[in-house]
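query37.cif follows (mmCIF, C-alpha atoms and all ligand atoms):
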data_data
#
loop_
_atom_site.label_atom_id
_atom_site.label_comp_id
_atom_site.auth_asym_id
_atom_site.auth_seq_id
_atom_site.Cartn_x
_atom_site.Cartn_y
_atom_site.Cartn_z
CA MET A 1 -46.70 -7.45 59.41
CA LYS A 2 -49.66 -9.76 58.59
CA LYS A 3 -49.47 -8.44 55.02
CA PHE A 4 -45.76 -9.30 54.83
CA PHE A 5 -46.38 -12.95 55.86
CA LEU A 6 -49.24 -13.20 53.38
CA ILE A 7 -46.98 -12.05 50.51
CA VAL A 8 -44.18 -14.46 51.56
CA ALA A 9 -46.69 -17.34 51.74
CA ILE A 10 -48.06 -16.59 48.22
CA GLY A 11 -44.47 -16.36 46.90
CA LEU A 12 -43.60 -19.77 48.36
CA LEU A 13 -46.76 -21.39 46.96
CA CYS A 14 -46.04 -19.94 43.53
CA GLY A 15 -42.46 -21.22 43.59
CA LEU A 16 -43.64 -24.75 44.47
CA SER A 17 -46.40 -24.92 41.85
CA GLY A 18 -44.15 -23.53 39.02
CA CYS A 19 -46.56 -20.76 38.04
CA GLY A 20 -43.64 -18.67 36.67
CA GLU A 21 -42.86 -21.11 33.75
CA ASN A 22 -45.27 -19.59 31.29
CA SER A 23 -43.88 -16.14 31.85
CA VAL A 24 -40.43 -17.42 30.83
CA GLU A 25 -41.86 -18.88 27.58
CA ASN A 26 -43.82 -15.68 27.09
CA SER A 27 -40.68 -13.61 27.25
CA VAL A 28 -39.05 -15.93 24.62
CA LEU A 29 -41.97 -15.27 22.27
CA GLU A 30 -42.03 -11.57 23.02
CA ASN A 31 -38.35 -11.35 22.17
CA THR A 32 -38.75 -13.24 18.86
CA PRO A 33 -37.89 -10.85 16.00
CA ALA A 34 -40.69 -10.15 13.52
CA GLN A 35 -38.57 -11.35 10.57
CA ASN A 36 -38.47 -14.98 11.68
CA SER A 37 -37.47 -17.74 9.30
CA THR A 38 -39.94 -20.56 8.66
CA ALA A 39 -37.91 -22.89 10.89
CA GLU A 40 -38.29 -20.49 13.81
CA SER A 41 -42.06 -20.24 13.22
CA VAL A 42 -42.32 -24.03 13.46
CA GLU A 43 -40.55 -23.87 16.80
CA ILE A 44 -43.02 -21.25 18.03
CA SER A 45 -46.09 -23.29 17.13
CA THR A 46 -44.58 -26.37 18.82
CA VAL A 47 -44.15 -24.35 22.01
CA ALA A 48 -47.74 -23.14 21.76
CA GLU A 49 -49.10 -26.65 21.32
CA THR A 50 -47.57 -27.73 24.59
CA ILE A 51 -48.78 -24.62 26.41
CA PRO A 52 -52.46 -24.06 25.52
CA GLU A 53 -52.61 -20.75 27.41
CA MET A 54 -50.23 -19.26 24.80
CA GLU A 55 -52.47 -19.87 21.79
CA ILE A 56 -53.62 -16.26 21.68
CA SER A 57 -50.15 -14.76 21.56
CA THR A 58 -49.13 -17.25 18.80
CA THR A 59 -52.10 -16.19 16.69
CA GLU A 60 -50.99 -12.61 17.08
CA LEU A 61 -47.49 -13.53 15.92
CA SER A 62 -48.55 -15.49 12.85
CA SER A 63 -50.86 -12.74 11.65
CA ASP A 64 -48.04 -10.20 11.92
CA THR A 65 -48.11 -8.45 8.53
CA SER A 66 -44.43 -7.57 8.77
CA LEU A 67 -43.48 -11.24 8.23
CA PRO A 68 -42.26 -11.77 4.65
CA GLU A 69 -44.71 -13.81 2.58
CA ASN A 70 -41.86 -15.70 1.02
CA PRO A 71 -38.80 -15.65 3.26
CA GLU A 72 -36.90 -17.79 0.72
CA SER A 73 -36.67 -14.97 -1.84
CA ASP A 74 -34.08 -13.22 0.37
CA THR A 75 -32.07 -16.41 0.63
CA LEU A 76 -32.15 -16.80 -3.14
CA GLN A 77 -30.82 -13.30 -3.68
CA THR A 78 -27.84 -14.05 -1.48
CA GLU A 79 -27.12 -17.53 -2.84
CA LEU A 80 -27.38 -16.71 -6.52
CA SER A 81 -25.62 -13.36 -6.46
CA GLU A 82 -22.70 -14.64 -4.41
CA GLU A 83 -22.09 -17.79 -6.39
CA THR A 84 -23.00 -16.95 -10.00
CA ASP A 85 -22.69 -14.20 -12.54
CA ILE A 86 -26.16 -13.52 -13.92
CA LEU A 87 -27.24 -11.53 -16.94
CA VAL A 88 -30.85 -10.53 -17.54
CA ALA A 89 -31.20 -9.83 -21.28
CA TYR A 90 -34.54 -8.63 -22.60
CA PHE A 91 -36.40 -7.16 -25.55
CA SER A 92 -39.41 -4.99 -24.82
CA ALA A 93 -41.40 -3.04 -27.40
CA THR A 94 -43.78 -1.31 -24.97
CA ASN A 95 -41.88 -1.61 -21.64
CA ASN A 96 -43.89 -4.39 -19.95
CA THR A 97 -41.10 -6.94 -20.21
CA GLU A 98 -38.59 -4.25 -19.29
CA SER A 99 -40.25 -3.72 -15.91
CA ILE A 100 -40.08 -7.47 -15.14
CA ALA A 101 -36.45 -7.64 -16.31
CA GLN A 102 -35.53 -4.74 -14.02
CA LYS A 103 -37.16 -6.41 -11.02
CA LEU A 104 -35.31 -9.65 -11.71
CA ALA A 105 -31.98 -7.87 -12.11
CA ASP A 106 -32.54 -5.79 -8.95
CA GLY A 107 -33.64 -8.78 -6.89
CA LEU A 108 -30.81 -11.03 -8.06
CA GLY A 109 -28.11 -8.40 -8.22
CA ALA A 110 -27.72 -9.30 -11.92
CA ASP A 111 -26.52 -7.23 -14.88
CA LEU A 112 -29.21 -5.95 -17.23
CA TYR A 113 -28.94 -5.80 -21.02
CA GLU A 114 -31.62 -4.43 -23.34
CA ILE A 115 -31.85 -6.07 -26.76
CA THR A 116 -32.34 -2.95 -28.88
CA PRO A 117 -33.54 -3.31 -32.47
CA GLU A 118 -31.42 -1.45 -35.02
CA GLN A 119 -34.73 -0.22 -36.42
CA PRO A 120 -37.05 0.56 -33.48
CA TYR A 121 -40.63 -0.78 -33.64
CA THR A 122 -43.25 1.90 -34.17
CA ALA A 123 -46.89 1.60 -33.07
CA GLU A 124 -47.71 0.82 -36.70
CA ASP A 125 -45.14 -1.97 -36.73
CA LEU A 126 -46.89 -3.53 -33.73
CA ASP A 127 -50.43 -3.40 -35.13
CA TYR A 128 -51.31 -7.08 -34.94
CA ASN A 129 -54.67 -6.39 -36.62
CA ASN A 130 -52.72 -5.63 -39.78
CA SER A 131 -51.27 -8.71 -41.46
CA GLU A 132 -48.98 -6.46 -43.54
CA CYS A 133 -47.36 -4.68 -40.60
CA ARG A 134 -43.71 -5.32 -39.74
CA SER A 135 -44.31 -7.57 -36.70
CA SER A 136 -46.88 -9.68 -38.62
CA VAL A 137 -44.51 -10.06 -41.59
CA GLU A 138 -41.62 -11.06 -39.29
CA MET A 139 -43.69 -13.52 -37.30
CA ASN A 140 -44.97 -15.12 -40.52
CA ASP A 141 -41.38 -15.75 -41.55
CA PRO A 142 -39.50 -18.13 -39.22
CA SER A 143 -36.21 -17.12 -40.88
CA ALA A 144 -36.65 -13.37 -40.22
CA ARG A 145 -33.76 -12.02 -38.11
CA PRO A 146 -34.26 -8.32 -37.27
CA ALA A 147 -30.88 -6.69 -36.61
CA ILE A 148 -29.80 -5.75 -33.08
CA SER A 149 -27.96 -2.55 -32.28
CA GLY A 150 -24.92 -3.23 -30.08
CA SER A 151 -23.98 -6.43 -28.24
CA VAL A 152 -23.12 -7.92 -24.87
CA GLU A 153 -19.37 -7.29 -24.63
CA ASN A 154 -18.50 -9.89 -22.03
CA MET A 155 -20.96 -12.73 -22.49
CA GLU A 156 -18.28 -15.27 -21.49
CA GLN A 157 -18.30 -14.00 -17.89
CA TYR A 158 -21.93 -15.04 -17.25
CA ASP A 159 -22.96 -18.42 -15.86
CA VAL A 160 -26.70 -17.78 -16.07
CA VAL A 161 -28.62 -15.77 -18.67
CA LEU A 162 -32.30 -14.99 -18.10
CA ILE A 163 -33.95 -14.03 -21.38
CA GLY A 164 -37.08 -11.88 -21.49
CA TYR A 165 -39.49 -11.02 -24.32
CA PRO A 166 -43.13 -10.18 -25.05
CA ILE A 167 -45.25 -12.99 -26.53
CA TRP A 168 -45.97 -12.25 -30.19
CA TRP A 169 -48.47 -14.63 -31.72
CA GLY A 170 -47.67 -17.24 -29.11
CA GLU A 171 -43.93 -17.07 -29.78
CA ALA A 172 -40.82 -15.12 -28.89
CA PRO A 173 -40.29 -12.24 -31.34
CA ARG A 174 -37.82 -13.07 -34.14
CA ILE A 175 -35.30 -10.61 -32.72
CA MET A 176 -34.84 -13.06 -29.84
CA SER A 177 -33.53 -15.59 -32.36
CA THR A 178 -31.11 -12.94 -33.65
CA PHE A 179 -29.90 -12.53 -30.06
CA ILE A 180 -29.59 -16.24 -29.28
CA GLU A 181 -27.73 -16.95 -32.53
CA SER A 182 -25.20 -14.18 -31.82
CA TYR A 183 -23.46 -15.90 -28.87
CA ASP A 184 -22.06 -19.21 -27.76
CA PHE A 185 -24.10 -20.32 -24.76
CA SER A 186 -22.31 -23.66 -24.25
CA GLY A 187 -21.89 -24.45 -20.58
CA LYS A 188 -24.30 -21.70 -19.52
CA THR A 189 -27.68 -22.03 -17.88
CA LEU A 190 -30.53 -20.26 -19.65
CA ALA A 191 -34.15 -19.62 -18.75
CA ALA A 192 -36.75 -17.52 -20.55
CA PHE A 193 -39.46 -15.30 -19.13
CA CYS A 194 -42.13 -13.36 -20.96
CA THR A 195 -45.06 -11.00 -20.62
CA SER A 196 -48.27 -11.22 -22.61
CA ALA A 197 -51.83 -9.93 -22.71
CA SER A 198 -53.21 -13.32 -21.70
CA SER A 199 -51.31 -16.18 -23.36
CA GLY A 200 -49.36 -18.54 -21.16
CA PHE A 201 -45.65 -19.24 -21.56
CA GLY A 202 -46.45 -22.31 -23.66
CA SER A 203 -43.64 -23.36 -25.96
CA SER A 204 -42.66 -19.79 -26.73
CA ASP A 205 -38.98 -20.53 -26.07
CA SER A 206 -38.78 -23.66 -28.26
CA ALA A 207 -37.02 -21.98 -31.22
CA LEU A 208 -34.55 -20.40 -28.79
CA ARG A 209 -33.86 -23.71 -27.07
CA GLU A 210 -33.20 -25.32 -30.43
CA SER A 211 -30.71 -22.61 -31.43
CA ALA A 212 -28.82 -22.76 -28.12
CA ASN A 213 -29.10 -26.49 -27.54
CA SER A 214 -25.68 -26.78 -25.93
CA ALA A 215 -26.89 -24.70 -22.98
CA THR A 216 -28.83 -26.05 -20.01
CA TRP A 217 -32.37 -24.69 -20.25
CA LEU A 218 -34.58 -24.31 -17.18
CA ASP A 219 -38.37 -23.91 -17.15
CA GLY A 220 -39.60 -20.54 -18.36
CA GLN A 221 -42.34 -18.37 -16.91
CA ARG A 222 -44.95 -15.87 -18.09
CA PHE A 223 -45.59 -12.79 -15.94
CA SER A 224 -48.25 -10.14 -16.03
CA ALA A 225 -46.83 -6.67 -16.58
CA SER A 226 -47.67 -5.80 -12.96
CA ALA A 227 -45.85 -8.76 -11.33
CA SER A 228 -43.91 -7.80 -8.21
CA GLU A 229 -40.23 -8.32 -7.44
CA GLU A 230 -41.26 -11.05 -5.04
CA ASP A 231 -43.23 -12.83 -7.81
CA VAL A 232 -40.24 -12.87 -10.12
CA LEU A 233 -37.86 -14.03 -7.39
CA VAL A 234 -40.24 -16.85 -6.44
CA TRP A 235 -39.95 -18.08 -10.04
CA ALA A 236 -36.15 -17.75 -10.09
CA ASN A 237 -36.03 -19.58 -6.77
CA SER A 238 -38.17 -22.42 -8.11
CA ILE A 239 -35.93 -23.18 -11.08
CA PHE A 240 -32.46 -23.03 -9.50
C1 LIG B 301 -47.37 -8.18 -32.61
C2 LIG B 301 -47.94 -8.56 -31.28
C3 LIG B 301 -48.43 -9.83 -31.06
C4 LIG B 301 -48.93 -10.19 -29.80
N1 LIG B 301 -49.37 -11.47 -29.61
C5 LIG B 301 -49.85 -11.83 -28.39
C6 LIG B 301 -50.31 -13.16 -28.15
O1 LIG B 301 -50.24 -14.04 -29.01
N2 LIG B 301 -50.82 -13.44 -26.93
C7 LIG B 301 -50.90 -12.49 -25.92
O2 LIG B 301 -51.37 -12.81 -24.85
N3 LIG B 301 -50.44 -11.23 -26.12
C8 LIG B 301 -49.91 -10.88 -27.32
N4 LIG B 301 -49.44 -9.60 -27.50
C9 LIG B 301 -49.42 -8.67 -26.37
C10 LIG B 301 -48.02 -8.59 -25.75
O3 LIG B 301 -47.48 -9.87 -25.54
C11 LIG B 301 -48.05 -7.89 -24.38
O4 LIG B 301 -48.65 -6.63 -24.50
C12 LIG B 301 -46.67 -7.77 -23.80
O5 LIG B 301 -46.74 -7.55 -22.41
C13 LIG B 301 -45.88 -6.62 -24.42
O6 LIG B 301 -44.60 -6.59 -23.83
P1 LIG B 301 -43.59 -5.39 -24.06
O7 LIG B 301 -44.25 -4.16 -23.50
O8 LIG B 301 -42.39 -5.78 -23.29
O9 LIG B 301 -43.35 -5.29 -25.53
C14 LIG B 301 -48.96 -9.23 -28.75
C15 LIG B 301 -48.47 -7.94 -28.99
C16 LIG B 301 -47.97 -7.61 -30.22
C17 LIG B 301 -47.43 -6.23 -30.46
#

Just give me the structure as structure tokens.
Ligand SMILES: Cc1cc2nc3c(=O)[nH]c(=O)nc-3n(C[C@H](O)[C@H](O)[C@H](O)COP(=O)(O)O)c2cc1C
Amino acid sequence: MKKFFLIVAIGLLCGLSGCGENSVENSVLENTPAQNSTAESVEISTVAETIPEMEISTTELSSDTSLPENPESDTLQTELSEETDILVAYFSATNNTESIAQKLADGLGADLYEITPEQPYTAEDLDYNNSECRSSVEMNDPSARPAISGSVENMEQYDVVLIGYPIWWGEAPRIMSTFIESYDFSGKTLAAFCTSASSGFGSSDSALRESANSATWLDGQRFSASASEEDVLVWANSIF
């Protein structure tokens, strides 16, 4: 009986002093899904600031490795794919640019088109140590226009065209000029991306911009061959 009164007394004291408040906040935090948006994270840290005892559980939440590093990339995928028709068109002699183009197309839900040379480039053609090889000869001639096999059938349906290429001697390969000059890009939004051994993006798209000057051009980006889907979506997100 004594025990019963003791328990009732503790319960009453607790009720008066409000010692249950933190457990309510705790349950809010515990029920917060791991995939929170940034806005929700801000809310959590504000709660923690006002309740110092909760600092530990907040630290645990923010170091949760399941949180996306860039929550905005998901938003981008939805916004762009629902509102615009996107084409990712690329040329790739040794598949590095191809892998970036595929990640962009996958992430954005875009169509993918490979710019295929009528005469494929052999390893000999790509030997930049040889000034007589095909790629050196083409890059030394600004008017060279290597032929493309096939074409984009329905270019008019696309609002945005993302154009990928490998850097050759600091520039876009001449076949990219063949591609750009084959279509009317008026009213479309274009942006270039490239891969390279080490060169930056630089002004590699300048000849392409000049040829399609009625389009709206956004800032281009160089990627390493091993860039992730998130990396490429972060770029796409930054320009749109
Ligand atoms: C003819 C030729 C010229 C190149 N010039 C450069 C260059 O100026 N700077 C650079 O960083 N990489 C240069 N590279 C390396 C390529 O840009 C790089 O390997 C690229 O990722 C290849 O892409 P791909 O596999 O899509 O063809 C050159 C490669 C070739 C074949």

What residues have any atom no more than 7 Å from ligand LIG 301 (chain B) when counting only C-alpha atoms and all ligand atoms, and can you list them as a list in words?
-> Phe91, Ser92, Ala93, Thr94, Asn95, Asn96, Thr97, Glu98, Leu126, Asp127, Tyr128, Ser135, Ser136, Tyr165, Pro166, Ile167, Trp168, Trp169, Gly170, Thr195, Ser196, Ala197, Ser198, Ser199 and Ala225 of chain A

Distance of CA of Thr116 (chain A) from CA of Ser177 (chain A), expressed in Å to one decimal place =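 Calculated distance between CA of Ser177 (chain A) and CA of Thr116 (chain A) is 13.2 Å.
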
For Ile115 (chain A): contacts at 10 Å, all atoms listed in the file, fewer than 4 positions along chain excluded, given as a ChimeraX atom specification = /A:89-92,147-152,163-165,175-176,178-179

Restrict the selected residues to C-alpha atoms and save them as a tab-separated table (two decimals), in the frame of the given file.
chain	number	residue	atom	x	y	z
A	89	ALA	CA	-31.20	-9.83	-21.28
A	90	TYR	CA	-34.54	-8.63	-22.60
A	91	PHE	CA	-36.40	-7.16	-25.55
A	92	SER	CA	-39.41	-4.99	-24.82
A	147	ALA	CA	-30.88	-6.69	-36.61
A	148	ILE	CA	-29.80	-5.75	-33.08
A	149	SER	CA	-27.96	-2.55	-32.28
A	150	GLY	CA	-24.92	-3.23	-30.08
A	151	SER	CA	-23.98	-6.43	-28.24
A	152	VAL	CA	-23.12	-7.92	-24.87
A	163	ILE	CA	-33.95	-14.03	-21.38
A	164	GLY	CA	-37.08	-11.88	-21.49
A	165	TYR	CA	-39.49	-11.02	-24.32
A	175	ILE	CA	-35.30	-10.61	-32.72
A	176	MET	CA	-34.84	-13.06	-29.84
A	178	THR	CA	-31.11	-12.94	-33.65
A	179	PHE	CA	-29.90	-12.53	-30.06

Of the candidates A:Val137, A:Leu104, A:Glu124, A:Asn129, which shows the shortest atom-to-atom distance to Ala192 (chain A), using all atoms listed in the file?
-> A:Leu104

Find the residues near Phe201 (chain A): any atom within 7 Å, counting only C-alpha atoms, skip ones fewer than 5 places away on the same chain, and give them as a list in words.
->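 So, after excluding close chain neighbours, the residues are Cys194, Gly220, Gln221 and Arg222 of chain A.
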
Can you work out the spacing between CA of Gln119 (chain A) and CA of Arg174 (chain A) in Å, to one decimal?
->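 Those two atoms sit 13.4 Å apart.
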
CA of Thr122 (chain A) to CA of Ser203 (chain A), distance in Å rounded to a single decimal =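 Calculated distance between CA of Thr122 (chain A) and CA of Ser203 (chain A) is 26.6 Å.
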
Check the smallest atom-to-atom distance from each of A:Ser143, A:Ile180, A:Asp219, A:Asp111 to Asn237 (chain A) using only C-alpha atoms, then report the winner.
-> A:Asp219

So which one's closest to Glu118 (chain A), A:Arg145, A:Ser224, A:Glu229, A:Gly187? Using all atoms listed in the file, please.
-> A:Arg145

Of the listed residues A:Val88, A:Ala227, A:Leu233, A:Met155, that which approaches Ala191 (chain A) most closely, counting all atoms listed in the file | A:Val88

Measuring atom to atom with all atoms listed in the file, identify which of A:Ala207, A:Leu218, A:Ile239, A:Leu190 is nearest to Tyr158 (chain A).
->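 Going through A:Ala207, A:Leu218, A:Ile239, A:Leu190 one by one, the smallest distance to Tyr158 (chain A) is for A:Leu190.
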
Shortest contact to Lys188 (chain A), candidates A:Val232, A:Ala123, A:Ala101, A:Ala215, atoms counted all atoms listed in the file, goes to A:Ala215
